$ cat target06.cif   # mmCIF, C-alpha atoms
data_data
loop_
_atom_site.label_atom_id
_atom_site.label_comp_id
_atom_site.auth_asym_id
_atom_site.auth_seq_id
_atom_site.Cartn_x
_atom_site.Cartn_y
_atom_site.Cartn_z
CA MET I 1 -21.09 19.73 20.52
CA VAL I 2 -24.59 19.95 21.94
CA PHE I 3 -26.90 17.06 22.72
CA LYS I 4 -30.59 17.85 22.47
CA MET I 5 -32.95 15.48 24.25
CA ASN I 6 -36.65 15.98 24.73
CA SER I 7 -38.09 15.55 28.20
CA GLU I 8 -39.28 11.99 27.58
CA VAL I 9 -35.85 10.86 26.41
CA ALA I 10 -34.21 12.62 29.35
CA ARG I 11 -36.50 10.73 31.73
CA GLY I 12 -35.76 7.44 29.95
CA LYS I 13 -39.41 6.92 28.92
CA PHE I 14 -39.24 7.38 25.16
CA PRO I 15 -39.54 3.83 23.75
CA HIS I 16 -38.04 4.60 20.35
CA GLY I 17 -35.28 6.88 21.59
CA TRP I 18 -32.30 5.70 23.57
CA HIS I 19 -33.82 2.25 24.25
CA ARG I 20 -33.88 1.18 20.60
CA THR I 21 -30.46 2.73 20.06
CA PHE I 22 -29.14 0.83 23.06
CA TYR I 23 -30.49 -2.52 21.82
CA MET I 24 -28.92 -2.05 18.38
CA LEU I 25 -25.58 -0.93 19.76
CA TRP I 26 -25.57 -3.82 22.24
CA LEU I 27 -26.16 -6.25 19.37
CA GLY I 28 -23.44 -4.56 17.32
CA ALA I 29 -20.96 -4.82 20.20
CA PHE I 30 -21.94 -8.47 20.72
CA ILE I 31 -21.30 -9.31 17.05
CA THR I 32 -18.02 -7.38 17.11
CA GLY I 33 -16.82 -9.33 20.16
CA MET I 34 -18.07 -12.62 18.74
CA GLY I 35 -16.40 -11.98 15.38
CA TYR I 36 -13.07 -11.22 17.05
CA SER I 37 -13.09 -14.35 19.22
CA MET I 38 -14.47 -16.45 16.36
CA THR I 39 -11.41 -15.70 14.22
CA MET I 40 -8.40 -14.68 16.32
CA PRO I 41 -7.89 -17.87 18.39
CA PHE I 42 -7.27 -19.70 15.12
CA ILE I 43 -5.16 -17.08 13.33
CA SER I 44 -1.89 -18.94 13.97
CA LEU I 45 -3.38 -22.16 12.56
CA PHE I 46 -4.59 -20.22 9.52
CA ILE I 47 -1.12 -18.71 9.00
CA ALA I 48 0.46 -22.17 9.35
CA GLU I 49 -1.52 -23.29 6.28
CA LEU I 50 -0.06 -20.50 4.15
CA GLY I 51 3.55 -21.69 4.10
CA ASN I 52 6.26 -23.88 5.59
CA PHE I 53 7.27 -21.90 8.66
CA THR I 54 9.62 -22.75 11.47
CA ARG I 55 8.20 -22.62 14.99
CA PHE I 56 9.93 -19.29 15.59
CA GLN I 57 8.60 -17.80 12.35
CA LEU I 58 5.06 -18.94 13.11
CA ASN I 59 5.18 -17.41 16.59
CA VAL I 60 6.49 -14.11 15.21
CA TYR I 61 3.91 -13.93 12.44
CA SER I 62 1.11 -14.84 14.83
CA GLY I 63 2.24 -12.22 17.32
CA LEU I 64 2.42 -9.55 14.62
CA ALA I 65 -1.02 -10.49 13.33
CA PHE I 66 -2.42 -10.25 16.85
CA GLY I 67 -0.72 -7.03 17.88
CA ALA I 68 -0.92 -5.10 14.59
CA THR I 69 -4.52 -4.04 15.19
CA PHE I 70 -3.86 -2.74 18.70
CA ILE I 71 -0.75 -0.82 17.63
CA SER I 72 -2.49 1.05 14.83
CA GLN I 73 -5.57 1.52 17.01
CA ALA I 74 -3.54 3.22 19.74
CA ILE I 75 -1.98 5.60 17.19
CA VAL I 76 -5.10 6.77 15.34
CA SER I 77 -7.77 6.73 18.08
CA PRO I 78 -7.26 10.40 19.08
CA PHE I 79 -7.78 11.43 15.45
CA TRP I 80 -11.07 9.56 15.24
CA GLY I 81 -12.12 10.99 18.60
CA ASN I 82 -11.52 14.49 17.28
CA LEU I 83 -13.66 13.71 14.25
CA ALA I 84 -16.36 12.17 16.45
CA ASP I 85 -16.80 15.45 18.30
CA GLN I 86 -17.28 17.20 14.94
CA LYS I 87 -19.39 14.65 13.07
CA GLY I 88 -20.98 12.50 15.79
CA ARG I 89 -20.34 8.98 17.09
CA LYS I 90 -22.98 7.28 14.96
CA LEU I 91 -20.90 8.06 11.88
CA MET I 92 -17.83 6.65 13.65
CA CYS I 93 -19.71 3.41 14.41
CA MET I 94 -20.71 3.15 10.75
CA ARG I 95 -17.13 3.85 9.68
CA ALA I 96 -15.76 1.15 11.99
CA SER I 97 -18.30 -1.55 11.15
CA GLY I 98 -18.22 -0.83 7.41
CA VAL I 99 -14.44 -0.96 7.03
CA MET I 100 -14.14 -3.92 9.42
CA ALA I 101 -16.65 -5.82 7.28
CA CYS I 102 -14.36 -5.35 4.27
CA THR I 103 -11.01 -6.04 5.99
CA ILE I 104 -12.18 -9.12 7.93
CA PHE I 105 -13.81 -10.63 4.84
CA THR I 106 -10.62 -9.96 2.82
CA ILE I 107 -8.45 -11.64 5.47
CA GLY I 108 -10.32 -14.82 4.58
CA LEU I 109 -8.93 -14.44 1.04
CA SER I 110 -5.33 -13.96 2.20
CA GLN I 111 -2.56 -15.88 0.46
CA SER I 112 0.34 -14.94 2.75
CA ALA I 113 1.12 -14.16 6.38
CA TRP I 114 2.12 -10.59 5.50
CA MET I 115 -1.21 -10.01 3.79
CA ILE I 116 -2.96 -11.02 7.02
CA ILE I 117 -0.69 -8.76 9.08
CA GLY I 118 -1.24 -5.82 6.75
CA LEU I 119 -5.01 -6.24 6.76
CA ARG I 120 -5.02 -6.57 10.56
CA PHE I 121 -3.05 -3.30 10.80
CA LEU I 122 -5.53 -1.62 8.43
CA GLN I 123 -8.40 -3.02 10.49
CA GLY I 124 -6.94 -1.36 13.59
CA VAL I 125 -6.74 1.99 11.80
CA PHE I 126 -10.50 1.99 11.19
CA SER I 127 -11.77 -0.16 14.09
CA GLY I 128 -13.37 1.03 17.31
CA TYR I 129 -17.02 0.06 17.06
CA ILE I 130 -17.46 -0.95 20.70
CA ASN I 131 -15.80 2.17 22.13
CA ASN I 132 -17.72 4.49 19.84
CA ALA I 133 -20.96 2.65 20.56
CA THR I 134 -20.27 3.05 24.27
CA ALA I 135 -19.62 6.77 23.85
CA LEU I 136 -22.75 7.15 21.70
CA ILE I 137 -25.11 5.49 24.18
CA ALA I 138 -23.39 7.28 27.07
CA GLY I 139 -24.52 10.57 25.56
CA GLU I 140 -28.06 9.32 24.91
CA THR I 141 -28.69 7.68 28.30
CA PRO I 142 -30.15 9.52 31.31
CA HIS I 143 -27.50 9.82 34.02
CA ASN I 144 -29.54 7.86 36.52
CA ARG I 145 -29.28 4.84 34.20
CA SER I 146 -25.63 5.28 33.18
CA GLY I 147 -24.24 2.58 35.49
CA TRP I 148 -26.66 -0.06 34.27
CA VAL I 149 -26.15 0.83 30.60
CA MET I 150 -22.34 0.81 30.84
CA SER I 151 -22.45 -2.61 32.54
CA ALA I 152 -24.86 -3.92 29.93
CA MET I 153 -22.60 -2.72 27.11
CA THR I 154 -19.73 -4.63 28.72
CA THR I 155 -21.78 -7.83 28.72
CA ALA I 156 -22.18 -7.50 24.95
CA GLY I 157 -18.49 -7.96 24.25
CA VAL I 158 -18.12 -10.57 26.99
CA ALA I 159 -21.03 -12.63 25.69
CA GLY I 160 -19.61 -12.40 22.18
CA ASN I 161 -16.23 -13.59 23.44
CA LEU I 162 -17.90 -16.61 25.04
CA VAL I 163 -19.85 -17.64 21.95
CA GLY I 164 -17.16 -16.81 19.37
CA PRO I 165 -14.54 -19.49 20.13
CA LEU I 166 -17.15 -22.26 20.21
CA LEU I 167 -18.73 -21.16 16.93
CA GLY I 168 -15.36 -20.46 15.30
CA GLY I 169 -13.94 -23.82 16.36
CA PHE I 170 -17.00 -25.64 15.05
CA LEU I 171 -16.98 -23.85 11.69
CA SER I 172 -13.20 -24.13 11.27
CA GLY I 173 -13.27 -27.85 12.00
CA ILE I 174 -15.87 -28.48 9.30
CA PHE I 175 -15.23 -25.82 6.65
CA GLY I 176 -11.67 -24.59 7.29
CA TYR I 177 -10.16 -21.45 8.83
CA ARG I 178 -11.29 -19.04 6.09
CA ILE I 179 -15.04 -19.47 6.60
CA PRO I 180 -15.24 -17.70 10.01
CA PHE I 181 -13.67 -14.60 8.43
CA PHE I 182 -16.24 -14.60 5.64
CA ILE I 183 -19.12 -14.99 8.09
CA THR I 184 -17.76 -12.31 10.42
CA GLY I 185 -17.35 -9.91 7.51
CA GLY I 186 -21.00 -10.49 6.51
CA LEU I 187 -22.21 -9.98 10.07
CA MET I 188 -20.26 -6.75 10.42
CA PHE I 189 -21.92 -5.47 7.25
CA CYS I 190 -25.28 -6.21 8.92
CA VAL I 191 -24.07 -4.22 11.94
CA PHE I 192 -23.24 -1.34 9.59
CA LEU I 193 -26.78 -1.38 8.17
CA GLY I 194 -28.41 -1.74 11.59
CA THR I 195 -26.41 1.12 13.06
CA TRP I 196 -27.28 3.32 10.09
CA LEU I 197 -31.01 2.57 10.11
CA LEU I 198 -31.91 1.79 13.73
CA THR I 199 -29.88 4.12 15.95
CA VAL I 200 -30.58 7.74 16.81
CA GLU I 201 -28.03 10.29 17.96
CA HIS I 202 -29.13 13.72 19.17
CA PHE I 203 -26.12 15.55 17.85
CA THR I 204 -25.54 19.07 16.56
CA PRO I 205 -22.38 19.35 14.42
CA ILE I 206 -19.94 22.13 15.22
CA LYS I 207 -17.17 23.61 13.14
CA LYS I 208 -13.61 22.46 13.71
CA GLU I 209 -12.46 25.95 14.66
CA ALA I 210 -15.17 26.14 17.35
CA MET I 211 -13.87 23.09 19.17
CA LYS I 212 -11.90 23.63 22.34
CA PRO I 213 -8.36 22.23 22.35
CA MET I 214 -7.95 19.05 24.36
CA LYS I 215 -5.55 20.82 26.72
CA GLU I 216 -8.18 23.44 27.50
CA ILE I 217 -10.86 20.78 28.03
CA MET I 218 -8.66 18.90 30.49
CA HIS I 219 -7.84 22.15 32.29
CA ASN I 220 -11.55 23.03 32.66
CA LEU I 221 -12.59 19.63 34.00
CA GLU I 222 -13.72 19.56 37.62
CA ASN I 223 -11.25 16.79 38.43
CA PRO I 224 -8.56 16.24 35.76
CA PRO I 225 -6.49 13.82 37.91
CA LEU I 226 -9.53 11.53 38.15
CA ILE I 227 -9.82 11.35 34.35
CA ILE I 228 -6.09 10.64 33.98
CA VAL I 229 -6.33 7.85 36.58
CA MET I 230 -9.30 6.39 34.66
CA PHE I 231 -7.13 6.28 31.53
CA LEU I 232 -4.42 4.46 33.49
CA THR I 233 -7.02 2.14 35.01
CA THR I 234 -8.24 1.21 31.54
CA MET I 235 -4.67 0.40 30.50
CA ILE I 236 -3.84 -1.62 33.63
CA VAL I 237 -7.12 -3.59 33.66
CA THR I 238 -6.71 -4.46 29.97
CA SER I 239 -3.07 -5.37 30.55
CA SER I 240 -4.02 -7.63 33.48
CA THR I 241 -6.34 -9.56 31.17
CA MET I 242 -4.00 -9.74 28.18
CA SER I 243 -1.00 -10.82 30.26
CA ILE I 244 -2.87 -13.93 31.38
CA ASP I 245 -4.90 -14.92 28.31
CA PRO I 246 -1.97 -15.93 26.05
CA ILE I 247 -0.47 -18.27 28.68
CA ILE I 248 -3.63 -19.83 30.12
CA SER I 249 -3.54 -22.92 27.89
CA LEU I 250 0.18 -23.42 28.60
CA TYR I 251 -0.37 -23.04 32.34
CA VAL I 252 -3.23 -25.56 32.18
CA ARG I 253 -1.01 -27.99 30.28
CA GLN I 254 1.59 -27.66 33.03
CA LEU I 255 -1.01 -28.23 35.75
CA MET I 256 -2.28 -31.35 33.93
CA GLY I 257 1.20 -32.72 33.44
CA GLY I 258 0.73 -32.71 29.67
CA HIS I 259 -1.94 -35.44 29.84
CA GLY I 260 -5.67 -35.48 29.11
CA ASN I 261 -7.86 -33.28 26.95
CA ILE I 262 -5.83 -30.11 27.51
CA ALA I 263 -7.60 -28.01 24.88
CA PHE I 264 -11.04 -28.73 26.32
CA VAL I 265 -10.00 -27.96 29.91
CA ALA I 266 -8.08 -24.85 28.82
CA GLY I 267 -11.17 -23.64 26.98
CA ILE I 268 -13.24 -23.96 30.15
CA VAL I 269 -10.62 -22.18 32.24
CA ALA I 270 -10.40 -19.39 29.65
CA ALA I 271 -14.17 -18.95 29.51
CA THR I 272 -14.96 -18.87 33.24
CA PRO I 273 -14.17 -15.15 33.80
CA GLY I 274 -16.58 -14.19 31.05
CA LEU I 275 -19.30 -16.30 32.64
CA GLY I 276 -18.72 -14.61 35.99
CA THR I 277 -18.85 -11.16 34.39
CA LEU I 278 -22.15 -11.94 32.67
CA ILE I 279 -23.70 -13.10 35.92
CA ALA I 280 -22.57 -10.07 37.92
CA ALA I 281 -22.88 -7.28 35.33
CA SER I 282 -26.53 -6.32 35.88
CA LYS I 283 -26.24 -6.27 39.68
CA VAL I 284 -23.01 -4.28 39.51
CA GLY I 285 -24.65 -1.78 37.16
CA HIS I 286 -27.57 -1.17 39.51
CA THR I 287 -25.13 -0.88 42.43
CA MET I 288 -23.18 1.83 40.58
CA ASP I 289 -26.39 3.78 40.05
CA GLN I 290 -26.99 3.62 43.82
CA ILE I 291 -23.57 4.20 45.45
CA GLY I 292 -21.47 5.66 42.62
CA PRO I 293 -18.98 4.11 40.17
CA GLU I 294 -15.84 5.21 42.04
CA ARG I 295 -16.68 3.12 45.11
CA VAL I 296 -17.59 0.11 42.96
CA LEU I 297 -14.31 0.50 41.05
CA ARG I 298 -12.23 0.49 44.23
CA ILE I 299 -13.97 -2.66 45.49
CA GLY I 300 -13.51 -4.37 42.13
CA ILE I 301 -9.79 -3.61 41.86
CA ILE I 302 -8.87 -4.77 45.36
CA THR I 303 -10.99 -7.92 44.93
CA ALA I 304 -9.23 -8.73 41.64
CA PHE I 305 -5.85 -8.22 43.32
CA ILE I 306 -6.76 -10.64 46.13
CA LEU I 307 -8.06 -13.30 43.70
CA PHE I 308 -4.80 -13.38 41.73
CA ILE I 309 -2.96 -14.59 44.84
CA PRO I 310 -4.55 -18.10 45.10
CA MET I 311 -4.22 -18.51 41.31
CA THR I 312 -0.47 -18.32 41.77
CA PHE I 313 -0.39 -21.28 44.16
CA THR I 314 -3.08 -23.54 42.71
CA HIS I 315 -2.14 -27.04 41.54
CA SER I 316 -5.37 -27.96 39.76
CA PRO I 317 -6.87 -26.56 36.54
CA TRP I 318 -10.33 -26.85 38.11
CA ALA I 319 -9.25 -24.77 41.10
CA LEU I 320 -7.81 -22.26 38.65
CA ALA I 321 -11.15 -22.21 36.82
CA PHE I 322 -12.95 -21.54 40.11
CA TRP I 323 -10.73 -18.58 41.05
CA ARG I 324 -11.00 -17.18 37.51
CA PHE I 325 -14.79 -17.42 37.72
CA LEU I 326 -14.66 -15.29 40.87
CA LEU I 327 -12.28 -12.94 39.06
CA GLY I 328 -14.96 -12.53 36.38
CA LEU I 329 -17.40 -11.37 39.06
CA ALA I 330 -14.86 -8.71 40.09
CA ASN I 331 -14.12 -7.78 36.47
CA ALA I 332 -17.78 -6.81 36.05
CA ALA I 333 -16.98 -3.78 38.22
CA LEU I 334 -13.82 -2.63 36.44
CA MET I 335 -14.29 -1.37 32.89
CA PRO I 336 -18.00 -0.42 33.32
CA ALA I 337 -17.17 1.64 36.41
CA THR I 338 -14.26 3.32 34.62
CA GLN I 339 -16.45 4.22 31.64
CA THR I 340 -19.25 5.44 33.91
CA VAL I 341 -16.83 7.80 35.69
CA LEU I 342 -15.82 9.21 32.31
CA THR I 343 -19.47 9.55 31.31
CA LEU I 344 -20.40 11.49 34.43
CA ASP I 345 -17.28 13.66 34.79
CA VAL I 346 -16.69 14.72 31.19
CA PRO I 347 -18.69 17.40 29.28
CA THR I 348 -20.61 16.11 26.28
CA GLU I 349 -18.59 18.23 23.84
CA ALA I 350 -15.51 16.17 24.74
CA PHE I 351 -17.07 12.70 24.82
CA GLY I 352 -15.61 11.59 21.50
CA ARG I 353 -12.07 12.67 22.25
CA ILE I 354 -12.08 11.43 25.85
CA PHE I 355 -13.40 8.00 24.87
CA SER I 356 -10.93 7.81 21.98
CA TYR I 357 -8.04 8.54 24.34
CA ASN I 358 -9.46 5.86 26.60
CA GLN I 359 -9.45 3.49 23.63
CA SER I 360 -5.80 4.33 22.98
CA PHE I 361 -4.94 3.43 26.57
CA GLN I 362 -6.95 0.22 26.18
CA ALA I 363 -5.03 -0.71 23.04
CA ALA I 364 -1.75 0.15 24.76
CA GLY I 365 -2.77 -2.11 27.65
CA ALA I 366 -3.43 -4.97 25.24
CA VAL I 367 0.02 -4.63 23.66
CA LEU I 368 1.75 -4.13 27.03
CA GLY I 369 -0.05 -7.08 28.62
CA SER I 370 0.77 -9.47 25.79
CA ILE I 371 4.45 -8.51 25.86
CA LEU I 372 4.57 -8.60 29.65
CA GLY I 373 3.00 -12.04 29.92
CA SER I 374 5.15 -13.57 27.20
CA PHE I 375 8.39 -12.02 28.50
CA ILE I 376 7.87 -12.89 32.17
CA SER I 377 6.75 -16.47 31.48
CA GLY I 378 9.73 -16.86 29.15
CA ILE I 379 12.39 -15.78 31.63
CA SER I 380 10.69 -16.99 34.82
CA SER I 381 7.46 -18.98 35.21
CA TYR I 382 3.74 -18.86 34.53
CA GLN I 383 3.11 -18.27 38.24
CA MET I 384 5.25 -15.13 38.14
CA VAL I 385 2.90 -13.64 35.54
CA PHE I 386 0.07 -13.86 38.06
CA ILE I 387 2.21 -12.25 40.76
CA ILE I 388 3.30 -9.31 38.58
CA THR I 389 -0.25 -8.82 37.33
CA ALA I 390 -1.55 -8.73 40.91
CA LEU I 391 1.05 -6.10 41.81
CA THR I 392 0.01 -3.87 38.90
CA LEU I 393 -3.60 -4.05 40.14
CA LEU I 394 -2.44 -3.09 43.63
CA ILE I 395 -0.68 -0.05 42.18
CA ASN I 396 -3.87 0.77 40.30
CA PHE I 397 -5.85 0.57 43.56
CA VAL I 398 -3.48 3.02 45.24
CA LEU I 399 -3.84 5.46 42.32
CA VAL I 400 -7.63 5.29 42.49
CA MET I 401 -7.57 5.84 46.25
CA LEU I 402 -5.38 8.94 45.83
CA VAL I 403 -7.94 10.79 43.68
CA LYS I 404 -11.16 11.93 45.28
CA PRO I 405 -14.32 12.16 43.16
CA LYS I 406 -16.05 15.53 43.14
CA LYS I 407 -19.29 14.17 41.80
CA GLN I 408 -21.48 11.45 43.22
CA ILE I 409 -24.61 10.00 41.73
CA THR I 410 -27.57 8.84 43.70
CA LYS I 411 -30.39 6.59 42.98
#

$ encode --input "target06.cif" --output "structure tokens"
Amino acid sequence: MVFKMNSEVARGKFPHGWHRTFYMLWLGAFITGMGYSMTMPFISLFIAELGNFTRFQLNVYSGLAFGATFISQAIVSPFWGNLADQKGRKLMCMRASGVMACTIFTIGLSQSAWMIIGLRFLQGVFSGYINNATALIAGETPHNRSGWVMSAMTTAGVAGNLVGPLLGGFLSGIFGYRIPFFITGGLMFCVFLGTWLLTVEHFTPIKKEAMKPMKEIMHNLENPPLIIVMFLTTMIVTSSTMSIDPIISLYVRQLMGGHGNIAFVAGIVAATPGLGTLIAASKVGHTMDQIGPERVLRIGIITAFILFIPMTFTHSPWALAFWRFLLGLANAALMPATQTVLTLDVPTEAFGRIFSYNQSFQAAGAVLGSILGSFISGISSYQMVFIITALTLLINFVLVMLVKPKKQITK
């Protein structure tokens, strides 16, 4: 695959080139994140309305509905990445947003828990808008702006995840749990149209037989161990988030002694990392462009590890909210730095496949984290989840320290 950019685009001065594409993809990623968080927090309540389930049945169905998308996503992502390197990432963004518009809208029409689970699995097979949008803009952005753009793309999903629960809760309370699915489906169709009409990808298709095998691409990379560690970092960082998110409200309830407005306080505690990430993202992005993403990543991981320690011993939900806000500042350096390393150290002809493998590791991290958090809190305590999560981040830090980057970027 060959990317062809004129000199103005390469210098980042072409107003209708990568800038307009970036704005549209940012909006698409924002709507994708908002749609997810506008519907998924209430999926168990929606399922509860579809039958008379025991508590165990409801938990199982809710877990399957949550995890089905990530399981199918992890399986098929390499296939879509292969296709992306043949057909381009814009087409993959259109595929993801178009099919997601249909599946999410249809979930709102579901009459059984298994119908929801099946549609969620199907959604995972065709999803991947944010990852493909990230790969698309990574190929269109001048390298001296890569850090800022990757950080900005992260803020899209984070901002959507902040707005989604508030909007979804408001709409569900007034109109019922089906309405957010209908609205999200409509918005994703708008994303499909916007991506089709407003984005530009400088892409030259190549024949399938002309593509290098993935094994050969990895062998020819300047630093294959670095890329492998970035995959593992994506999985561990995602797992560290997903292991905590499902138990936050239960941990808050324990800290409050089961009294007070638990849902409101838990919502604040859950949202504070996203707020911290939004505040820090732009500064972190500019810092990566100055000192390199590897150094920023190391600082972010060790900071996140340290911040999990006081969370383990806190006795107040407001103290927990404070430490999680600081964690959000550190999180702003994790996924953007990982994606920037991949952008700078991978040849353009392998972007689609590398980012799809990264998406598979991200999906695996989501499944692993959910299982890890639920299992550990079930056999031990909520505090132990924080301890184990911190240890996984420490292991991640050691892995990152063991690989030395061969490429540095300067301002």

$ atom_distance --input "target06.cif" --atom1 "atom CA of Leu297 of chain I" --atom2 "atom CA of Tyr36 of chain I"
26.7 Å

$ atom_distance --input "target06.cif" --atom1 "atom CA of Phe361 of chain I" --atom2 "atom CA of Gly81 of chain I"
13.1 Å

$ resolve_selection --input "target06.cif" --expression "the PyMOL selection byres ((chain I and resi 194) around 12)" --output "number ranges by chain"
I: 20-29, 31, 90, 93-94, 97-98, 187-193, 195-200

$ closest_residue --input "target06.cif" --among "I:Trp318, I:Phe66, I:Phe46, I:Trp323" --to "Val252 of chain I" --atoms "only C-alpha atoms"
I:Trp318

$ closest_residue --input "target06.cif" --among "I:Ile244, I:Ala350, I:Ile228, I:Leu64" --to "Asn82 of chain I" --atoms "all atoms listed in the file"
I:Ala350

$ residues_around --input "target06.cif" --residues "Thr314 of chain I" --least-positions-apart "6" --cutoff "10 Å" --atoms "only C-alpha atoms" --output "short mmCIF file (atom, residue, chain, number, x, y, z; two decimals) with C-alpha atoms, keeping the file's coordinate frame"
data_model
loop_
_atom_site.label_atom_id
_atom_site.label_comp_id
_atom_site.auth_asym_id
_atom_site.auth_seq_id
_atom_site.Cartn_x
_atom_site.Cartn_y
_atom_site.Cartn_z
CA LEU I 255 -1.01 -28.23 35.75
CA LEU I 320 -7.81 -22.26 38.65
CA TRP I 323 -10.73 -18.58 41.05
CA GLN I 383 3.11 -18.27 38.24
#

$ atom_distance --input "target06.cif" --atom1 "atom CA of Gln57 of chain I" --atom2 "atom CA of Ile379 of chain I"
19.8 Å

$ resolve_selection --input "target06.cif" --expression "the PyMOL selection byres ((chain I and resi 112) around 12)" --output "PyMOL selection string"
chain I and resi 46-53+61+65+107-111+113-119

$ closest_residue --input "target06.cif" --among "I:Thr392, I:Pro165, I:Leu329, I:Leu344" --to "Gly369 of chain I" --atoms "all atoms listed in the file"
I:Thr392

$ resolve_selection --input "target06.cif" --expression "the PyMOL selection byres ((chain I and resi 184) around 8)" --output "list of chain:residue names"
I:Gly35, I:Met38, I:Ala101, I:Ile104, I:Phe105, I:Pro180, I:Phe181, I:Phe182, I:Ile183, I:Gly185, I:Gly186, I:Leu187, I:Met188

$ closest_atom_pairs --input "target06.cif" --of "segment 105-133 of chain I" --to "segment 74-77 of chain I" --cutoff "12 Å" --atoms "only C-alpha atoms" --output "Markdown table"
| residue | atom | partner | partner_atom | distance |
| --- | --- | --- | --- | --- |
| I:Phe121 | CA | I:Ile75 | CA | 11.0 |
| I:Leu122 | CA | I:Val76 | CA | 10.9 |
| I:Gln123 | CA | I:Val76 | CA | 11.4 |
| I:Gly124 | CA | I:Ala74 | CA | 8.4 |
| I:Val125 | CA | I:Val76 | CA | 6.2 |
| I:Phe126 | CA | I:Val76 | CA | 8.3 |
| I:Ser127 | CA | I:Ser77 | CA | 8.9 |
| I:Gly128 | CA | I:Ser77 | CA | 8.0 |
| I:Tyr129 | CA | I:Ser77 | CA | 11.4 |
| I:Asn131 | CA | I:Ser77 | CA | 10.1 |
| I:Asn132 | CA | I:Ser77 | CA | 10.3 |

$ closest_residue --input "target06.cif" --among "I:Gly67, I:Pro142, I:Gly328, I:Gly160" --to "Arg120 of chain I" --atoms "all atoms listed in the file"
I:Gly67

$ residues_around --input "target06.cif" --residues "Arg89 of chain I" --least-positions-apart "5" --cutoff "10 Å" --atoms "all atoms listed in the file" --output "PyMOL selection string"
chain I and resi 80-81+83-84+94-95+129+131-137+139+201+203+351-352

$ write_last_selection --input "target06.cif" --atoms "C-alpha atoms" --output "PDB file, keeping the file's coordinate frame"
ATOM      1  CA  TRP I  80     -11.070   9.560  15.240  1.00  0.00           C
ATOM      2  CA  GLY I  81     -12.120  10.990  18.600  1.00  0.00           C
ATOM      3  CA  LEU I  83     -13.660  13.710  14.250  1.00  0.00           C
ATOM      4  CA  ALA I  84     -16.360  12.170  16.450  1.00  0.00           C
ATOM      5  CA  MET I  94     -20.710   3.150  10.750  1.00  0.00           C
ATOM      6  CA  ARG I  95     -17.130   3.850   9.680  1.00  0.00           C
ATOM      7  CA  TYR I 129     -17.020   0.060  17.060  1.00  0.00           C
ATOM      8  CA  ASN I 131     -15.800   2.170  22.130  1.00  0.00           C
ATOM      9  CA  ASN I 132     -17.720   4.490  19.840  1.00  0.00           C
ATOM     10  CA  ALA I 133     -20.960   2.650  20.560  1.00  0.00           C
ATOM     11  CA  THR I 134     -20.270   3.050  24.270  1.00  0.00           C
ATOM     12  CA  ALA I 135     -19.620   6.770  23.850  1.00  0.00           C
ATOM     13  CA  LEU I 136     -22.750   7.150  21.700  1.00  0.00           C
ATOM     14  CA  ILE I 137     -25.110   5.490  24.180  1.00  0.00           C
ATOM     15  CA  GLY I 139     -24.520  10.570  25.560  1.00  0.00           C
ATOM     16  CA  GLU I 201     -28.030  10.290  17.960  1.00  0.00           C
ATOM     17  CA  PHE I 203     -26.120  15.550  17.850  1.00  0.00           C
ATOM     18  CA  PHE I 351     -17.070  12.700  24.820  1.00  0.00           C
ATOM     19  CA  GLY I 352     -15.610  11.590  21.500  1.00  0.00           C
TER      20      GLY I 352
END

$ residues_around --input "target06.cif" --residues "Val400 of chain I" --least-positions-apart "2" --cutoff "9 Å" --atoms "all atoms listed in the file" --output "list in words"
Leu226, Val229, Met230, Thr233, Glu294, Leu297, Arg298, Ile395, Asn396, Phe397, Val398, Leu402, Val403 and Lys404 of chain I

$ closest_atom_pairs --input "target06.cif" --of "segment 88-184 of chain I" --to "segment 334-337 of chain I" --cutoff "10 Å" --atoms "only C-alpha atoms" --output "tab-separated table"
residue	atom	partner	partner_atom	distance
I:Thr134	CA	I:Pro336	CA	10.0
I:Ser146	CA	I:Pro336	CA	9.5
I:Gly147	CA	I:Ala337	CA	7.2
I:Trp148	CA	I:Pro336	CA	8.7
I:Val149	CA	I:Pro336	CA	8.7
I:Met150	CA	I:Pro336	CA	5.1
I:Ser151	CA	I:Pro336	CA	5.0
I:Ala152	CA	I:Pro336	CA	8.4
I:Met153	CA	I:Pro336	CA	8.1
I:Thr154	CA	I:Pro336	CA	6.5
I:Thr155	CA	I:Pro336	CA	9.5

$ write_last_selection --input "target06.cif" --atoms "C-alpha atoms" --output "PDB file, keeping the file's coordinate frame"
ATOM      1  CA  THR I 134     -20.270   3.050  24.270  1.00  0.00           C
ATOM      2  CA  SER I 146     -25.630   5.280  33.180  1.00  0.00           C
ATOM      3  CA  GLY I 147     -24.240   2.580  35.490  1.00  0.00           C
ATOM      4  CA  TRP I 148     -26.660  -0.060  34.270  1.00  0.00           C
ATOM      5  CA  VAL I 149     -26.150   0.830  30.600  1.00  0.00           C
ATOM      6  CA  MET I 150     -22.340   0.810  30.840  1.00  0.00           C
ATOM      7  CA  SER I 151     -22.450  -2.610  32.540  1.00  0.00           C
ATOM      8  CA  ALA I 152     -24.860  -3.920  29.930  1.00  0.00           C
ATOM      9  CA  MET I 153     -22.600  -2.720  27.110  1.00  0.00           C
ATOM     10  CA  THR I 154     -19.730  -4.630  28.720  1.00  0.00           C
ATOM     11  CA  THR I 155     -21.780  -7.830  28.720  1.00  0.00           C
TER      12      THR I 155
END
